[in-house]
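Engineer: Mind looking over this structure? Questions follow.
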Amino acid sequence: MSVTSPRTIFNSQDMKRRLHEILHENLHDKQYDSNQCSSLSKDLANRIKDALKTFGYERYKFVVQVLICQEYNENIQMNCRAYWDSETDRLAQTIYMNQFLICIATAFAVYYY
């Protein structure tokens with residue numbers, strides 16, 4: 001193990017589970033409101049980022065993206081590309097849906113060498 005290698009690699013499954021918990025806690029009673037989506041998505045992204053910090057992994061930086069759209073039985077496609085270290089960097093994504101909205105949250109945990 002190199003001096004700059006992480007002691008513990010970030011666990012994507014734990015990260016995904018926490019993302020889904022946060023979305024469910026904050027969106028289960030929400031209806032889609034285009035005037036509120038900007039502030040709601042920022043708030044969710046900050047909550048997710050703060051929750052990931054509590055995992056206690058050293059030297060990881062987080063990038064969080066939250067997309068909220070109205071539920072109209074439409075298709076949504078979302079892609080991302082990144083250049084990173086596949087041995088240390090991780091991502092998790094979850095989708096939360098209710099009858100009014102769809103929320104897609106993606107979190108990237110990038111190890112800082």
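Ligands are numbered from 1 in the order shown, chains are lettered A, B, ... in the order of the structure tokens, and residues start at 1 in each chain.
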Residues near Arg47 of chain A, anyone? I mean within 12 Å using only C-alpha atoms, not counting same-chain ones fewer than 6 positions away, as a list in words.
Structural biologist: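 My list of contacting residues is Arg18, Leu19, His20, Glu21, Ile22, Leu23, Glu25, Asn26, Leu40, Ser41, Lys53, Thr54, Phe62, Val64, Gln65, Val66, Ala105 and Ala107 of chain A.
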Engineer: With N, CA, C and O atoms kept, could you save the residues just selected as a short mmCIF file (atom, residue, chain, number, x, y, z; two decimals), in the first residue's frame?
Structural biologist:
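Contents of the output file selection34.cif:
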data_model
loop_
_atom_site.label_atom_id
_atom_site.label_comp_id
_atom_site.auth_asym_id
_atom_site.auth_seq_id
_atom_site.Cartn_x
_atom_site.Cartn_y
_atom_site.Cartn_z
N ARG A 18 -27.68 5.45 1.83
CA ARG A 18 -27.87 6.75 2.49
C ARG A 18 -28.53 7.76 1.56
O ARG A 18 -29.39 8.53 2.00
N LEU A 19 -28.17 7.76 0.28
CA LEU A 19 -28.81 8.64 -0.69
C LEU A 19 -30.31 8.39 -0.71
O LEU A 19 -31.12 9.32 -0.67
N HIS A 20 -30.69 7.12 -0.80
CA HIS A 20 -32.11 6.78 -0.89
C HIS A 20 -32.85 7.19 0.39
O HIS A 20 -33.97 7.71 0.33
N GLU A 21 -32.24 6.99 1.55
CA GLU A 21 -32.86 7.39 2.82
C GLU A 21 -33.13 8.89 2.83
O GLU A 21 -34.20 9.34 3.24
N ILE A 22 -32.15 9.67 2.40
CA ILE A 22 -32.30 11.13 2.40
C ILE A 22 -33.40 11.56 1.45
O ILE A 22 -34.23 12.41 1.78
N LEU A 23 -33.44 10.98 0.26
CA LEU A 23 -34.49 11.35 -0.69
C LEU A 23 -35.86 10.98 -0.14
O LEU A 23 -36.81 11.77 -0.23
N GLU A 25 -36.81 10.57 3.04
CA GLU A 25 -37.13 11.43 4.18
C GLU A 25 -37.62 12.81 3.75
O GLU A 25 -38.50 13.39 4.39
N ASN A 26 -37.05 13.33 2.67
CA ASN A 26 -37.33 14.71 2.28
C ASN A 26 -38.34 14.87 1.16
O ASN A 26 -38.82 15.98 0.92
N LEU A 40 -34.89 23.19 -3.55
CA LEU A 40 -35.02 21.84 -3.01
C LEU A 40 -33.85 20.96 -3.46
O LEU A 40 -33.28 20.22 -2.66
N SER A 41 -33.47 21.06 -4.73
CA SER A 41 -32.35 20.24 -5.22
C SER A 41 -31.04 20.66 -4.56
O SER A 41 -30.21 19.81 -4.22
N LYS A 53 -19.96 12.93 4.42
CA LYS A 53 -18.82 13.32 5.25
C LYS A 53 -18.82 12.59 6.58
O LYS A 53 -17.76 12.32 7.14
N THR A 54 -20.00 12.25 7.09
CA THR A 54 -20.08 11.59 8.39
C THR A 54 -19.61 10.14 8.34
O THR A 54 -19.39 9.54 9.39
N PHE A 62 -16.35 15.01 -2.37
CA PHE A 62 -17.65 14.58 -2.87
C PHE A 62 -18.21 15.57 -3.88
O PHE A 62 -18.12 16.78 -3.69
N VAL A 64 -21.94 16.02 -5.74
CA VAL A 64 -23.30 15.53 -5.67
C VAL A 64 -24.14 16.26 -6.70
O VAL A 64 -24.07 17.49 -6.82
N GLN A 65 -24.93 15.50 -7.45
CA GLN A 65 -25.84 16.06 -8.45
C GLN A 65 -27.24 15.57 -8.14
O GLN A 65 -27.45 14.36 -7.92
N VAL A 66 -28.20 16.50 -8.10
CA VAL A 66 -29.59 16.14 -7.84
C VAL A 66 -30.45 16.73 -8.96
O VAL A 66 -30.38 17.92 -9.24
N ALA A 105 -30.50 11.21 -7.77
CA ALA A 105 -29.35 11.74 -7.02
C ALA A 105 -28.13 10.89 -7.35
O ALA A 105 -28.18 9.67 -7.27
N ALA A 107 -23.93 10.66 -6.48
CA ALA A 107 -22.84 11.14 -5.62
C ALA A 107 -21.55 10.47 -6.07
O ALA A 107 -21.50 9.26 -6.28
#
Engineer: Going by DSSP on the backbone, which bits of chain A are helix (DSSP H, G or I)? Write them as JSON, numbers by chain, please.
Structural biologist: {"A": [12, 13, 14, 15, 16, 17, 18, 19, 20, 21, 22, 23, 24, 25, 26, 27, 37, 38, 39, 40, 41, 42, 43, 44, 45, 46, 47, 48, 49, 50, 51, 52, 53]}
Engineer: State, in Å with one decimal place, the distance from atom CA of Thr8 of chain A to atom CA of Glu58 of chain A.
Structural biologist: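 Separation between atom CA of Thr8 of chain A and atom CA of Glu58 of chain A: 8.3 Å.
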Engineer: Fewer than 2 positions away in the same chain doesn't count, so skip those; otherwise give me all residues within 12 Å of Asp89 of chain A, counting only C-alpha atoms, as a list in words.
Structural biologist: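 The neighbour list is Ser5, Pro6, Thr8, Ile9, Phe10, Asn11, Ser12, Tyr57, Arg59, Tyr60, Lys61, Phe62, Val63, Ala82, Tyr83, Trp84, Asp85, Ser86, Glu87, Leu91, Ala92, Ala107, Phe108, Ala109, Val110, Tyr111, Tyr112 and Tyr113 of chain A.
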